[in-house]
Structure formats: structure tokens, C-alpha cells
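Q: Sharing entry-v4.cif here; it has mmCIF, C-alpha atoms.
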```
data_final
loop_
_atom_site.group_PDB
_atom_site.id
_atom_site.type_symbol
_atom_site.label_atom_id
_atom_site.label_comp_id
_atom_site.auth_asym_id
_atom_site.auth_seq_id
_atom_site.Cartn_x
_atom_site.Cartn_y
_atom_site.Cartn_z
ATOM 1 C CA MET A 6 30.328 -64.497 6.109
ATOM 2 C CA THR A 7 27.087 -64.520 8.068
ATOM 3 C CA THR A 8 26.495 -62.655 11.313
ATOM 4 C CA THR A 9 24.414 -63.989 14.155
ATOM 5 C CA PRO A 10 21.434 -61.835 15.126
ATOM 6 C CA THR A 11 21.553 -60.238 18.550
ATOM 7 C CA ASP A 12 18.748 -59.523 20.986
ATOM 8 C CA SER A 13 19.576 -55.835 21.261
ATOM 9 C CA PRO A 14 16.545 -53.583 20.611
ATOM 10 C CA PRO A 15 16.493 -51.065 17.773
ATOM 11 C CA ALA A 16 18.141 -47.715 18.342
ATOM 12 C CA GLY A 17 14.793 -45.893 18.065
ATOM 13 C CA ALA A 18 13.254 -48.041 20.755
ATOM 14 C CA ALA A 19 16.211 -47.381 23.041
ATOM 15 C CA ARG A 20 15.880 -43.680 22.491
ATOM 16 C CA GLY A 21 12.145 -43.932 23.181
ATOM 17 C CA ARG A 22 12.724 -45.681 26.474
ATOM 18 C CA GLY A 23 15.385 -43.179 27.398
ATOM 19 C CA ALA A 24 13.078 -40.225 26.631
ATOM 20 C CA ALA A 25 10.346 -41.660 28.854
ATOM 21 C CA ARG A 26 12.526 -41.470 31.943
ATOM 22 C CA PRO A 27 11.864 -38.368 34.075
ATOM 23 C CA HIS A 28 14.691 -35.923 34.394
ATOM 24 C CA PRO A 29 16.192 -36.063 37.908
ATOM 25 C CA VAL A 30 16.161 -32.258 38.255
ATOM 26 C CA THR A 31 12.476 -32.116 37.265
ATOM 27 C CA GLY A 32 11.656 -34.814 39.785
ATOM 28 C CA ARG A 33 13.437 -32.925 42.566
ATOM 29 C CA VAL A 34 11.645 -29.681 41.651
ATOM 30 C CA SER A 35 8.293 -31.463 41.666
ATOM 31 C CA SER A 36 8.992 -32.983 45.090
ATOM 32 C CA LEU A 37 10.093 -29.620 46.451
ATOM 33 C CA THR A 38 6.890 -28.063 45.112
ATOM 34 C CA TYR A 39 4.743 -30.620 46.912
ATOM 35 C CA VAL A 40 6.694 -30.085 50.140
ATOM 36 C CA LEU A 41 6.183 -26.321 49.939
ATOM 37 C CA LEU A 42 2.470 -26.744 49.167
ATOM 38 C CA CYS A 43 2.034 -29.086 52.132
ATOM 39 C CA ALA A 44 3.839 -26.578 54.373
ATOM 40 C CA LEU A 45 1.554 -23.776 53.166
ATOM 41 C CA LEU A 46 -1.491 -25.998 53.721
ATOM 42 C CA LEU A 47 -0.367 -26.723 57.276
ATOM 43 C CA PHE A 48 0.279 -23.011 57.868
ATOM 44 C CA ALA A 49 -3.205 -22.097 56.603
ATOM 45 C CA LEU A 50 -5.257 -24.863 58.215
ATOM 46 C CA GLY A 51 -3.212 -25.428 61.375
ATOM 47 C CA PRO A 52 -4.699 -22.528 63.389
ATOM 48 C CA LEU A 53 -8.220 -23.449 62.292
ATOM 49 C CA VAL A 54 -7.714 -27.076 63.365
ATOM 50 C CA LEU A 55 -6.362 -25.994 66.763
ATOM 51 C CA PHE A 56 -9.305 -23.611 67.069
ATOM 52 C CA ALA A 57 -11.681 -26.526 66.444
ATOM 53 C CA PHE A 58 -9.839 -28.675 69.007
ATOM 54 C CA SER A 59 -10.177 -25.909 71.617
ATOM 55 C CA SER A 60 -13.913 -25.645 71.026
ATOM 56 C CA LEU A 61 -14.391 -29.318 71.934
ATOM 57 C CA LYS A 62 -12.379 -29.372 75.186
ATOM 58 C CA THR A 63 -12.976 -28.442 78.780
ATOM 59 C CA GLN A 64 -11.067 -25.517 80.270
ATOM 60 C CA SER A 65 -8.892 -27.834 82.379
ATOM 61 C CA GLU A 66 -8.035 -30.023 79.388
ATOM 62 C CA LEU A 67 -7.256 -26.952 77.288
ATOM 63 C CA ALA A 68 -4.913 -25.672 79.999
ATOM 64 C CA THR A 69 -3.041 -28.990 80.351
ATOM 65 C CA SER A 70 -2.845 -29.980 76.658
ATOM 66 C CA PRO A 71 -3.710 -27.085 74.357
ATOM 67 C CA LEU A 72 -2.349 -28.709 71.171
ATOM 68 C CA SER A 73 -3.679 -32.265 71.533
ATOM 69 C CA PHE A 74 -6.837 -33.834 70.180
ATOM 70 C CA PRO A 75 -9.699 -33.597 72.721
ATOM 71 C CA THR A 76 -10.152 -36.742 74.777
ATOM 72 C CA SER A 77 -13.915 -36.246 75.130
ATOM 73 C CA LEU A 78 -15.840 -34.168 72.612
ATOM 74 C CA ARG A 79 -17.879 -31.500 74.408
ATOM 75 C CA TRP A 80 -20.448 -30.530 71.773
ATOM 76 C CA SER A 81 -22.347 -28.668 74.494
ATOM 77 C CA ASN A 82 -19.814 -25.831 74.173
ATOM 78 C CA PHE A 83 -21.487 -24.774 70.910
ATOM 79 C CA ALA A 84 -24.944 -24.607 72.492
ATOM 80 C CA THR A 85 -23.583 -22.711 75.492
ATOM 81 C CA ALA A 86 -21.744 -20.222 73.290
ATOM 82 C CA TRP A 87 -24.812 -19.747 71.072
ATOM 83 C CA GLU A 88 -27.071 -18.968 74.010
ATOM 84 C CA GLN A 89 -24.628 -16.997 76.146
ATOM 85 C CA ALA A 90 -23.510 -14.687 73.325
ATOM 86 C CA ASN A 91 -26.956 -14.468 71.671
ATOM 87 C CA MET A 92 -25.322 -15.415 68.385
ATOM 88 C CA GLY A 93 -28.628 -15.768 66.559
ATOM 89 C CA ALA A 94 -29.234 -12.012 66.820
ATOM 90 C CA GLY A 95 -25.575 -11.360 66.028
ATOM 91 C CA LEU A 96 -25.723 -13.413 62.830
ATOM 92 C CA LEU A 97 -28.927 -11.633 61.791
ATOM 93 C CA ASN A 98 -27.318 -8.223 62.362
ATOM 94 C CA SER A 99 -24.242 -9.315 60.417
ATOM 95 C CA LEU A 100 -26.472 -10.505 57.568
ATOM 96 C CA ILE A 101 -28.169 -7.090 57.397
ATOM 97 C CA VAL A 102 -24.822 -5.295 57.470
ATOM 98 C CA VAL A 103 -23.247 -7.576 54.839
ATOM 99 C CA VAL A 104 -26.197 -7.368 52.414
ATOM 100 C CA GLY A 105 -26.463 -3.588 52.766
ATOM 101 C CA THR A 106 -22.715 -3.101 52.415
ATOM 102 C CA VAL A 107 -22.404 -5.353 49.358
ATOM 103 C CA ALA A 108 -25.370 -3.700 47.606
ATOM 104 C CA GLY A 109 -24.055 -0.183 48.230
ATOM 105 C CA VAL A 110 -20.453 -0.983 47.298
ATOM 106 C CA CYS A 111 -21.527 -2.693 44.058
ATOM 107 C CA VAL A 112 -23.573 0.381 43.035
ATOM 108 C CA ILE A 113 -20.902 2.915 44.022
ATOM 109 C CA ALA A 114 -17.967 0.957 42.617
ATOM 110 C CA GLY A 115 -19.891 -0.012 39.472
ATOM 111 C CA CYS A 116 -20.768 3.578 38.558
ATOM 112 C CA ALA A 117 -17.306 4.911 39.423
ATOM 113 C CA ALA A 118 -15.472 2.098 37.605
ATOM 114 C CA TYR A 119 -17.598 2.531 34.471
ATOM 115 C CA ALA A 120 -16.952 6.277 34.420
ATOM 116 C CA MET A 121 -13.200 5.797 34.895
ATOM 117 C CA ALA A 122 -12.903 2.961 32.384
ATOM 118 C CA ARG A 123 -15.174 4.169 29.587
ATOM 119 C CA LEU A 124 -15.745 7.914 29.865
ATOM 120 C CA ASP A 125 -13.128 10.509 28.984
ATOM 121 C CA LEU A 126 -12.840 12.143 32.378
ATOM 122 C CA PRO A 127 -10.375 15.010 32.861
ATOM 123 C CA GLY A 128 -7.739 14.093 35.394
ATOM 124 C CA SER A 129 -8.620 10.412 35.612
ATOM 125 C CA GLY A 130 -5.091 9.635 36.838
ATOM 126 C CA THR A 131 -5.707 11.906 39.825
ATOM 127 C CA PHE A 132 -8.815 9.906 40.748
ATOM 128 C CA ILE A 133 -6.850 6.651 40.576
ATOM 129 C CA THR A 134 -4.147 8.087 42.826
ATOM 130 C CA TYR A 135 -6.809 9.292 45.261
ATOM 131 C CA LEU A 136 -8.396 5.831 45.393
ATOM 132 C CA LEU A 137 -5.026 4.160 45.951
ATOM 133 C CA VAL A 138 -4.138 6.547 48.770
ATOM 134 C CA SER A 139 -7.558 6.399 50.430
ATOM 135 C CA SER A 140 -7.654 2.595 50.351
ATOM 136 C CA SER A 141 -4.221 2.377 51.989
ATOM 137 C CA LEU A 142 -4.876 4.771 54.894
ATOM 138 C CA PRO A 143 -5.380 3.144 58.330
ATOM 139 C CA THR A 144 -8.938 3.067 59.593
ATOM 140 C CA GLN A 145 -7.959 4.447 63.004
ATOM 141 C CA MET A 146 -7.367 7.878 61.445
ATOM 142 C CA PHE A 147 -11.101 8.356 60.835
ATOM 143 C CA LEU A 148 -12.532 7.139 64.143
ATOM 144 C CA VAL A 149 -12.590 10.451 66.046
ATOM 145 C CA PRO A 150 -14.009 12.693 63.264
ATOM 146 C CA LEU A 151 -16.503 10.003 62.243
ATOM 147 C CA PHE A 152 -17.626 9.537 65.838
ATOM 148 C CA TYR A 153 -18.266 13.295 66.178
ATOM 149 C CA LEU A 154 -20.017 13.543 62.793
ATOM 150 C CA TRP A 155 -22.170 10.434 63.270
ATOM 151 C CA THR A 156 -23.299 11.696 66.665
ATOM 152 C CA LYS A 157 -24.422 14.988 65.106
ATOM 153 C CA LEU A 158 -26.234 13.187 62.254
ATOM 154 C CA ASN A 159 -27.973 10.702 64.599
ATOM 155 C CA LEU A 160 -26.299 7.808 62.791
ATOM 156 C CA TYR A 161 -24.432 6.593 65.847
ATOM 157 C CA ASP A 162 -25.535 3.240 67.297
ATOM 158 C CA SER A 163 -27.466 2.197 64.170
ATOM 159 C CA LEU A 164 -26.857 -0.480 61.579
ATOM 160 C CA PHE A 165 -27.465 1.974 58.731
ATOM 161 C CA GLY A 166 -24.752 4.285 60.069
ATOM 162 C CA LEU A 167 -22.358 1.331 60.216
ATOM 163 C CA ILE A 168 -23.245 0.346 56.651
ATOM 164 C CA VAL A 169 -22.561 3.880 55.370
ATOM 165 C CA ILE A 170 -19.096 3.789 56.953
ATOM 166 C CA TYR A 171 -18.416 0.463 55.264
ATOM 167 C CA TRP A 172 -19.468 1.965 51.910
ATOM 168 C CA GLY A 173 -16.744 4.566 52.205
ATOM 169 C CA LEU A 174 -14.235 2.082 53.589
ATOM 170 C CA PHE A 175 -14.554 -0.686 50.981
ATOM 171 C CA SER A 176 -15.554 1.242 47.833
ATOM 172 C CA PRO A 177 -12.080 2.542 46.805
ATOM 173 C CA PHE A 178 -10.489 -0.892 46.450
ATOM 174 C CA ALA A 179 -13.639 -2.309 44.846
ATOM 175 C CA THR A 180 -13.608 0.541 42.303
ATOM 176 C CA LEU A 181 -9.989 -0.127 41.345
ATOM 177 C CA LEU A 182 -10.611 -3.856 41.004
ATOM 178 C CA LEU A 183 -13.782 -3.419 38.951
ATOM 179 C CA ARG A 184 -12.227 -0.713 36.749
ATOM 180 C CA SER A 185 -9.340 -3.008 35.853
ATOM 181 C CA PHE A 186 -11.889 -5.670 34.897
ATOM 182 C CA MET A 187 -13.979 -3.324 32.740
ATOM 183 C CA ILE A 188 -10.881 -2.226 30.837
ATOM 184 C CA THR A 189 -10.508 -5.794 29.526
ATOM 185 C CA ILE A 190 -14.030 -5.773 28.013
ATOM 186 C CA PRO A 191 -13.741 -5.053 24.239
ATOM 187 C CA ARG A 192 -15.154 -1.689 23.232
ATOM 188 C CA GLU A 193 -16.543 -3.204 20.027
ATOM 189 C CA PHE A 194 -19.509 -4.558 22.003
ATOM 190 C CA GLU A 195 -20.490 -1.067 23.119
ATOM 191 C CA GLU A 196 -19.875 0.489 19.707
ATOM 192 C CA ALA A 197 -22.128 -2.098 18.085
ATOM 193 C CA ALA A 198 -24.877 -1.330 20.604
ATOM 194 C CA ARG A 199 -24.545 2.422 19.977
ATOM 195 C CA MET A 200 -24.771 1.846 16.216
ATOM 196 C CA ASP A 201 -28.079 0.099 16.887
ATOM 197 C CA GLY A 202 -29.324 3.232 18.640
ATOM 198 C CA ALA A 203 -28.679 2.311 22.265
ATOM 199 C CA GLY A 204 -28.074 5.129 24.739
ATOM 200 C CA GLU A 205 -25.453 5.217 27.476
ATOM 201 C CA LEU A 206 -27.731 3.732 30.138
ATOM 202 C CA ARG A 207 -28.785 0.903 27.851
ATOM 203 C CA VAL A 208 -25.153 0.212 26.948
ATOM 204 C CA LEU A 209 -24.298 0.145 30.643
ATOM 205 C CA PHE A 210 -27.100 -2.174 31.759
ATOM 206 C CA GLN A 211 -27.342 -4.471 28.723
ATOM 207 C CA VAL A 212 -23.742 -4.678 27.517
ATOM 208 C CA VAL A 213 -21.197 -3.689 30.159
ATOM 209 C CA LEU A 214 -22.809 -5.062 33.315
ATOM 210 C CA PRO A 215 -23.516 -8.585 31.978
ATOM 211 C CA ASN A 216 -19.910 -8.868 30.760
ATOM 212 C CA ALA A 217 -18.592 -7.488 34.062
ATOM 213 C CA LEU A 218 -20.628 -9.908 36.192
ATOM 214 C CA PRO A 219 -17.563 -11.965 37.318
ATOM 215 C CA GLY A 220 -15.926 -8.740 38.490
ATOM 216 C CA PHE A 221 -19.028 -7.774 40.467
ATOM 217 C CA LEU A 222 -19.107 -11.238 42.026
ATOM 218 C CA THR A 223 -15.464 -10.856 43.051
ATOM 219 C CA ILE A 224 -15.919 -7.483 44.744
ATOM 220 C CA ALA A 225 -19.145 -8.700 46.361
ATOM 221 C CA LEU A 226 -17.380 -11.667 47.954
ATOM 222 C CA VAL A 227 -14.364 -9.612 49.066
ATOM 223 C CA THR A 228 -16.635 -6.913 50.521
ATOM 224 C CA ALA A 229 -18.846 -9.465 52.266
ATOM 225 C CA LEU A 230 -15.845 -11.119 53.929
ATOM 226 C CA SER A 231 -14.419 -7.754 54.997
ATOM 227 C CA ALA A 232 -17.718 -6.452 56.408
ATOM 228 C CA TYR A 233 -18.463 -9.748 58.171
ATOM 229 C CA ASN A 234 -15.061 -9.897 59.875
ATOM 230 C CA GLU A 235 -14.663 -6.173 60.685
ATOM 231 C CA PHE A 236 -14.430 -5.525 64.423
ATOM 232 C CA LEU A 237 -12.970 -2.114 65.307
ATOM 233 C CA ILE A 238 -15.573 0.133 63.665
ATOM 234 C CA ALA A 239 -18.440 -2.152 64.665
ATOM 235 C CA VAL A 240 -17.537 -2.152 68.353
ATOM 236 C CA THR A 241 -16.912 1.636 68.268
ATOM 237 C CA PHE A 242 -20.125 2.749 66.560
ATOM 238 C CA ILE A 243 -22.561 0.154 67.964
ATOM 239 C CA GLN A 244 -23.309 0.190 71.704
ATOM 240 C CA ASP A 245 -26.754 -1.434 71.811
ATOM 241 C CA SER A 246 -26.193 -5.122 72.556
ATOM 242 C CA SER A 247 -29.192 -6.083 70.388
ATOM 243 C CA LEU A 248 -27.549 -4.461 67.343
ATOM 244 C CA LEU A 249 -24.037 -5.864 67.714
ATOM 245 C CA PRO A 250 -22.827 -7.991 64.777
ATOM 246 C CA VAL A 251 -21.470 -11.453 65.358
ATOM 247 C CA SER A 252 -17.824 -10.329 65.156
ATOM 248 C CA THR A 253 -18.186 -8.534 68.506
ATOM 249 C CA THR A 254 -19.664 -11.439 70.469
ATOM 250 C CA PHE A 255 -16.295 -12.540 71.892
ATOM 251 C CA PHE A 256 -16.552 -9.912 74.638
ATOM 252 C CA THR A 257 -19.354 -11.988 76.138
ATOM 253 C CA PHE A 258 -16.983 -14.722 77.333
ATOM 254 C CA GLN A 259 -14.751 -12.415 79.363
ATOM 255 C CA GLN A 260 -15.193 -12.716 83.118
ATOM 256 C CA GLY A 261 -13.072 -10.193 84.955
ATOM 257 C CA PHE A 262 -9.496 -10.748 83.845
ATOM 258 C CA THR A 263 -10.070 -14.283 82.544
ATOM 259 C CA GLN A 264 -11.656 -15.614 79.370
ATOM 260 C CA ASP A 265 -13.302 -18.932 78.587
ATOM 261 C CA TYR A 266 -11.309 -19.939 75.520
ATOM 262 C CA THR A 267 -13.357 -23.074 74.928
ATOM 263 C CA LEU A 268 -16.486 -20.967 74.397
ATOM 264 C CA ILE A 269 -14.473 -18.476 72.335
ATOM 265 C CA GLY A 270 -13.377 -21.359 70.122
ATOM 266 C CA ALA A 271 -16.955 -22.619 69.759
ATOM 267 C CA ALA A 272 -18.253 -19.131 68.932
ATOM 268 C CA GLY A 273 -15.408 -18.668 66.461
ATOM 269 C CA MET A 274 -16.271 -21.899 64.659
ATOM 270 C CA ILE A 275 -19.932 -20.822 64.443
ATOM 271 C CA MET A 276 -18.828 -17.455 63.064
ATOM 272 C CA VAL A 277 -16.425 -18.943 60.513
ATOM 273 C CA LEU A 278 -18.820 -21.571 59.153
ATOM 274 C CA PRO A 279 -21.174 -19.322 57.054
ATOM 275 C CA MET A 280 -18.363 -17.488 55.260
ATOM 276 C CA LEU A 281 -16.415 -20.711 54.771
ATOM 277 C CA LEU A 282 -19.386 -22.382 53.091
ATOM 278 C CA LEU A 283 -19.979 -19.282 50.954
ATOM 279 C CA PHE A 284 -16.370 -19.188 49.810
ATOM 280 C CA LEU A 285 -16.290 -22.912 49.036
ATOM 281 C CA ALA A 286 -19.465 -22.557 46.971
ATOM 282 C CA LEU A 287 -18.138 -19.572 44.993
ATOM 283 C CA GLN A 288 -14.391 -20.195 45.030
ATOM 284 C CA ARG A 289 -14.156 -21.087 41.325
ATOM 285 C CA ARG A 290 -15.934 -17.931 40.200
ATOM 286 C CA PHE A 291 -13.989 -15.870 42.730
ATOM 287 C CA ILE A 292 -10.622 -17.134 41.467
ATOM 288 C CA GLU A 293 -11.703 -16.678 37.850
ATOM 289 C CA GLY A 294 -12.761 -13.104 38.572
ATOM 290 C CA VAL A 295 -9.502 -12.228 40.310
ATOM 291 C CA SER A 296 -7.315 -13.860 37.651
ATOM 292 C CA SER A 297 -9.201 -12.315 34.728
ATOM 293 C CA SER A 298 -9.336 -8.827 36.235
ATOM 294 C CA GLY A 299 -6.751 -8.295 38.930
ATOM 295 C CA LEU A 300 -5.153 -4.884 39.065
ATOM 296 C CA GLY A 301 -2.977 -5.289 35.964
ATOM 297 C CA GLY A 302 -5.034 -2.772 33.994
ATOM 298 C CA ALA A 303 -4.872 -0.131 36.696
#
```
Can you turn what I pasted into C-alpha cells?
A:
Amino acid sequence: MTTTPTDSPPAGAARGRGAARPHPVTGRVSSLTYVLLCALLLFALGPLVLFAFSSLKTQSELATSPLSFPTSLRWSNFATAWEQANMGAGLLNSLIVVVGTVAGVCVIAGCAAYAMARLDLPGSGTFITYLLVSSSLPTQMFLVPLFYLWTKLNLYDSLFGLIVIYWGLFSPFATLLLRSFMITIPREFEEAARMDGAGELRVLFQVVLPNALPGFLTIALVTALSAYNEFLIAVTFIQDSSLLPVSTTFFTFQQGFTQDYTLIGAAGMIMVLPMLLLFLALQRRFIEGVSSSGLGGA
């Protein structure tokens, strides 16, 4: 007895088609992930977008519709804010402060992190605890004693005095971050260099520092952002208007009890732009440095 062939596909092909279908739970999780990411993106960029809208409006339009897109783009707000707040001098002062702070923090944190990660120091756990505590203390605790001390040392109202304060303020966290990165560097590299007759300084500069370069780049970027955006210490220890960094220029737009928020928005966009471009240019190396070092080895 003969059987008629059917058009049904082979069992393997059916299983293959069935395996290609996405699981409904996985699809829902993926959709939920995209929704959460879009919400986080809106939360992060929403204030910046509103800030940009405010910088392109008139004061009357900002008062009537603060959340809407500007009807007429007033690019003259940027020129007015630049001239009225003398932002060119402010950006130059901020550049001096940022470069000096980053250079000092990299030297201080580099030496301290190398000593804590590679040298057998007695009581190294105590130093780590001290750095953790000192980096978590509020800055306001040090304002009064620092003000008195800086006045006696003639460091008040000077960019160098401000930079020295930033060295002490940002070095503890930078040391912890860089130490955790140096711990991940294999010791075999240093032992091979010592077997070739290299001293400690040569091992430091020719072996450890080149391998720790992503960690130095990470702490440099974090320190630069912190020093550029810092306001409280800068406005407390700098009184000369020609020495004020750009973060303090917002006082210029206050007239009595009112403030021109359109000019504040324009000045804020000018202030944000340099650091935003720097972060976008170095974001891949910054993320790689944080992910490869972190504080897991602390």
C-alpha cells in the first residue's frame, strides 16, 4: 500500500523555525530596557535642553512660556552675556586653575598611590581609612580655618592659593582611584625590570606610569571637571573680579532682587561647552579607565 507524500516540512526545519522566534519574556524585557534608557536620557538631557531654550528667549517670553521652544532665536544673548560677565577672563582663569590643579593632583596622587600599592608601608590600612574619611567630609568644615590660614600666608585672593586648596580637596579620591588601578598591574613587569638592573625610580617612570596611563587620564578628567565647576571655595577665596573663574560669573546678572535668567542661561551654555567637548572627545578612554580600575581593589 502506497502513501501519498504530504507538503509538511521536516521536523528539523520546524524546530529551526521555532527556535528562531524570540521568547516573549525576552522581548518584554528588551522593550522595558529601552523605555528605562529613554527615561534616563530625558532625565539627563531635559534640564540642559530647557537651559538652552532659556538662553535663546527674551525675558518676557521666558516668563510666559518657560518650557516651550523659543519663537524667535535671540543669539545676541550670548554676546551680551560674554561682554557683561567678562567671560573671556573668567575662562582664562578657569584654564589656569584647571591645569594647575590637574598637574598637582596627578603628581600627589601618583606618588601616594604607587607607595600604597607597591611599597610595604606599615599601617597602609590606616592611610586608606584616612583617605576615605577625608574625601567624604563636607567642604564647609574647612572654610573658616583655611580662610584664617590663607590670610596669614598671603595666599588669599590668588589663583595659586585656590589651586593649593584644590590639591588637598581632590587628591584623596584620586589617590584611591589610582591605587586601585595600580593594583591590577602585574608585578612581573616590575620584577623583570629590576632583574635587568633598574632602580625604583626607573621602574616607576618606565614601567608603572606607562601602564597606569588610563588611570591618570581618568583622575585628570574627573579633577578637571570638579575644579572647573567648583563654586563655593572659589567665591570665598577670590575677591578680585579680574581673578574670578568662570563658575562665579553668574553673580554678574543679578540686579537688586531680580536676575536675568536669559543671560544666565547663555552664560551657562558658554560655560558648559568646553567641558562637554572635552568629555565627548575623551569619553571612551574615561569609561575604559573607570571600568578597568574602579575602586574594586581598594
Q: Using the chain letters and numbers from the file, give me the residues hit by the PyMOL selection byres ((chain A and resi 174) around 12), as an mmCIF file with C-alpha atoms, in the frame of the given file.
A:
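Okay, result37.cif is ready:
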```cif
data_model
loop_
_atom_site.group_PDB
_atom_site.id
_atom_site.type_symbol
_atom_site.label_atom_id
_atom_site.label_comp_id
_atom_site.auth_asym_id
_atom_site.auth_seq_id
_atom_site.Cartn_x
_atom_site.Cartn_y
_atom_site.Cartn_z
ATOM 1 C CA THR A 106 -22.715 -3.101 52.415
ATOM 2 C CA VAL A 107 -22.404 -5.353 49.358
ATOM 3 C CA GLY A 109 -24.055 -0.183 48.230
ATOM 4 C CA VAL A 110 -20.453 -0.983 47.298
ATOM 5 C CA ILE A 113 -20.902 2.915 44.022
ATOM 6 C CA ALA A 114 -17.967 0.957 42.617
ATOM 7 C CA LEU A 136 -8.396 5.831 45.393
ATOM 8 C CA SER A 139 -7.558 6.399 50.430
ATOM 9 C CA SER A 140 -7.654 2.595 50.351
ATOM 10 C CA SER A 141 -4.221 2.377 51.989
ATOM 11 C CA LEU A 142 -4.876 4.771 54.894
ATOM 12 C CA PRO A 143 -5.380 3.144 58.330
ATOM 13 C CA THR A 144 -8.938 3.067 59.593
ATOM 14 C CA GLN A 145 -7.959 4.447 63.004
ATOM 15 C CA MET A 146 -7.367 7.878 61.445
ATOM 16 C CA PHE A 147 -11.101 8.356 60.835
ATOM 17 C CA LEU A 148 -12.532 7.139 64.143
ATOM 18 C CA LEU A 151 -16.503 10.003 62.243
ATOM 19 C CA LEU A 167 -22.358 1.331 60.216
ATOM 20 C CA ILE A 168 -23.245 0.346 56.651
ATOM 21 C CA VAL A 169 -22.561 3.880 55.370
ATOM 22 C CA ILE A 170 -19.096 3.789 56.953
ATOM 23 C CA TYR A 171 -18.416 0.463 55.264
ATOM 24 C CA TRP A 172 -19.468 1.965 51.910
ATOM 25 C CA GLY A 173 -16.744 4.566 52.205
ATOM 26 C CA PHE A 175 -14.554 -0.686 50.981
ATOM 27 C CA SER A 176 -15.554 1.242 47.833
ATOM 28 C CA PRO A 177 -12.080 2.542 46.805
ATOM 29 C CA PHE A 178 -10.489 -0.892 46.450
ATOM 30 C CA ALA A 179 -13.639 -2.309 44.846
ATOM 31 C CA THR A 180 -13.608 0.541 42.303
ATOM 32 C CA THR A 228 -16.635 -6.913 50.521
ATOM 33 C CA SER A 231 -14.419 -7.754 54.997
ATOM 34 C CA ALA A 232 -17.718 -6.452 56.408
ATOM 35 C CA GLU A 235 -14.663 -6.173 60.685
ATOM 36 C CA ILE A 238 -15.573 0.133 63.665
#
```
Q: Name every residue that the PyMOL selection byres ((chain A and resi 254) around 12) selects in this structure, writing the answer as a count of residues only with chains first and numbers rising.
A: 38
Q: So that all listed atoms of segment 78-87 of chain A fit with 4 Å spare on each side, what axis-aligned box centre and edge lengths in Å, to one decimal, would you give as AutoDock Vina command-line options?
A:
```
--center_x -20.4 --center_y -27.0 --center_z 73.2 --size_x 17.1 --size_y 22.4 --size_z 12.6
```
Q: Work out how far atom CA of Ile224 of chain A is from atom CA of Thr134 of chain A, in Å to one decimal.
A: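 For atom CA of Thr134 of chain A relative to atom CA of Ile224 of chain A, the distance reads 19.6 Å.
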Q: So which one's closest to Ser163 of chain A, A:Leu72, A:Leu282, A:Met200, A:Ile243? Using all atoms listed in the file, please.
A: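 Looking at the shortest contact to Ser163 of chain A, the residue is A:Ile243.
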Q: Considering all atoms listed in the file, can you say which of A:Arg289, A:Lys62, A:Arg79, A:Arg123 comes closest to Arg184 of chain A?
A: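 Closest to Arg184 of chain A of all the choices is A:Arg123.
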Q: Please list as a PyMOL selection string every residue within 12 Å of Met121 of chain A, counting all atoms listed in the file and excluding residues in the same chain fewer than 5 positions away.
A: chain A and resi 114-116+126-133+136+180-188+302-303
Q: Check the smallest atom-to-atom distance from each of A:Tyr135, A:Ala118, A:Ala198, A:Asp245 to Gly220 of chain A using only C-alpha atoms, then report the winner.
A: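 Ranked by minimum distance to Gly220 of chain A, first place goes to A:Ala118.
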Q: Choose the residue, out of A:Leu218, A:Leu206, A:Val213, A:Ala225, that has the smallest atom-to-atom separation from Phe194 of chain A; count all atoms listed in the file.
A: A:Val213
Q: When the PyMOL selection byres ((chain A and resi 77) around 9) is applied to the structure above, which residues does it catch, written out as a list in words?
A: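 Checked against the file, the PyMOL selection byres ((chain A and resi 77) around 9) matches Leu61, Lys62, Thr63, Phe74, Pro75, Thr76, Leu78 and Arg79 of chain A.
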Q: Please, what distance in Å, to one decimal, runs between atom CA of Phe165 of chain A and atom CA of Met274 of chain A?
A: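 Atom-to-atom, atom CA of Phe165 of chain A and atom CA of Met274 of chain A are spaced 27.0 Å apart.
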Q: I'd like the interatomic distance between atom CA of Ser73 of chain A and atom CA of Phe58 of chain A, to a tenth of an Å.
A: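 Straight-line distance from atom CA of Ser73 of chain A to atom CA of Phe58 of chain A works out to 7.6 Å.
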Q: Complete the atoms of segment 187-199 of chain A to N, CA and C atoms and put them out as a compact mmCIF listing (two decimals), in the frame of the given file.
A:
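Generated output (result26.txt):
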```
# COMPACT_ATOMS: atom_id res chain seq x y z
N MET A 187 -13.23 -3.92 33.85
CA MET A 187 -13.98 -3.32 32.74
C MET A 187 -13.06 -2.91 31.59
N ILE A 188 -11.82 -2.59 31.89
CA ILE A 188 -10.88 -2.23 30.84
C ILE A 188 -10.67 -3.38 29.88
N THR A 189 -10.74 -4.62 30.38
CA THR A 189 -10.51 -5.79 29.53
C THR A 189 -11.69 -6.12 28.63
N ILE A 190 -12.86 -5.51 28.85
CA ILE A 190 -14.03 -5.77 28.01
C ILE A 190 -13.85 -5.04 26.68
N PRO A 191 -13.94 -5.72 25.54
CA PRO A 191 -13.74 -5.05 24.24
C PRO A 191 -14.75 -3.93 24.02
N ARG A 192 -14.27 -2.82 23.52
CA ARG A 192 -15.15 -1.69 23.23
C ARG A 192 -16.06 -1.94 22.03
N GLU A 193 -15.74 -2.94 21.21
CA GLU A 193 -16.54 -3.20 20.03
C GLU A 193 -17.98 -3.56 20.40
N PHE A 194 -18.16 -4.22 21.57
CA PHE A 194 -19.51 -4.56 22.00
C PHE A 194 -20.35 -3.30 22.21
N GLU A 195 -19.76 -2.31 22.85
CA GLU A 195 -20.49 -1.07 23.12
C GLU A 195 -20.71 -0.26 21.84
N GLU A 196 -19.71 -0.25 20.96
CA GLU A 196 -19.88 0.49 19.71
C GLU A 196 -20.97 -0.12 18.84
N ALA A 197 -21.06 -1.45 18.85
CA ALA A 197 -22.13 -2.10 18.08
C ALA A 197 -23.50 -1.76 18.66
N ALA A 198 -23.60 -1.69 19.98
CA ALA A 198 -24.88 -1.33 20.60
C ALA A 198 -25.25 0.12 20.30
N ARG A 199 -24.25 1.02 20.28
CA ARG A 199 -24.54 2.42 19.98
C ARG A 199 -24.96 2.59 18.52
```
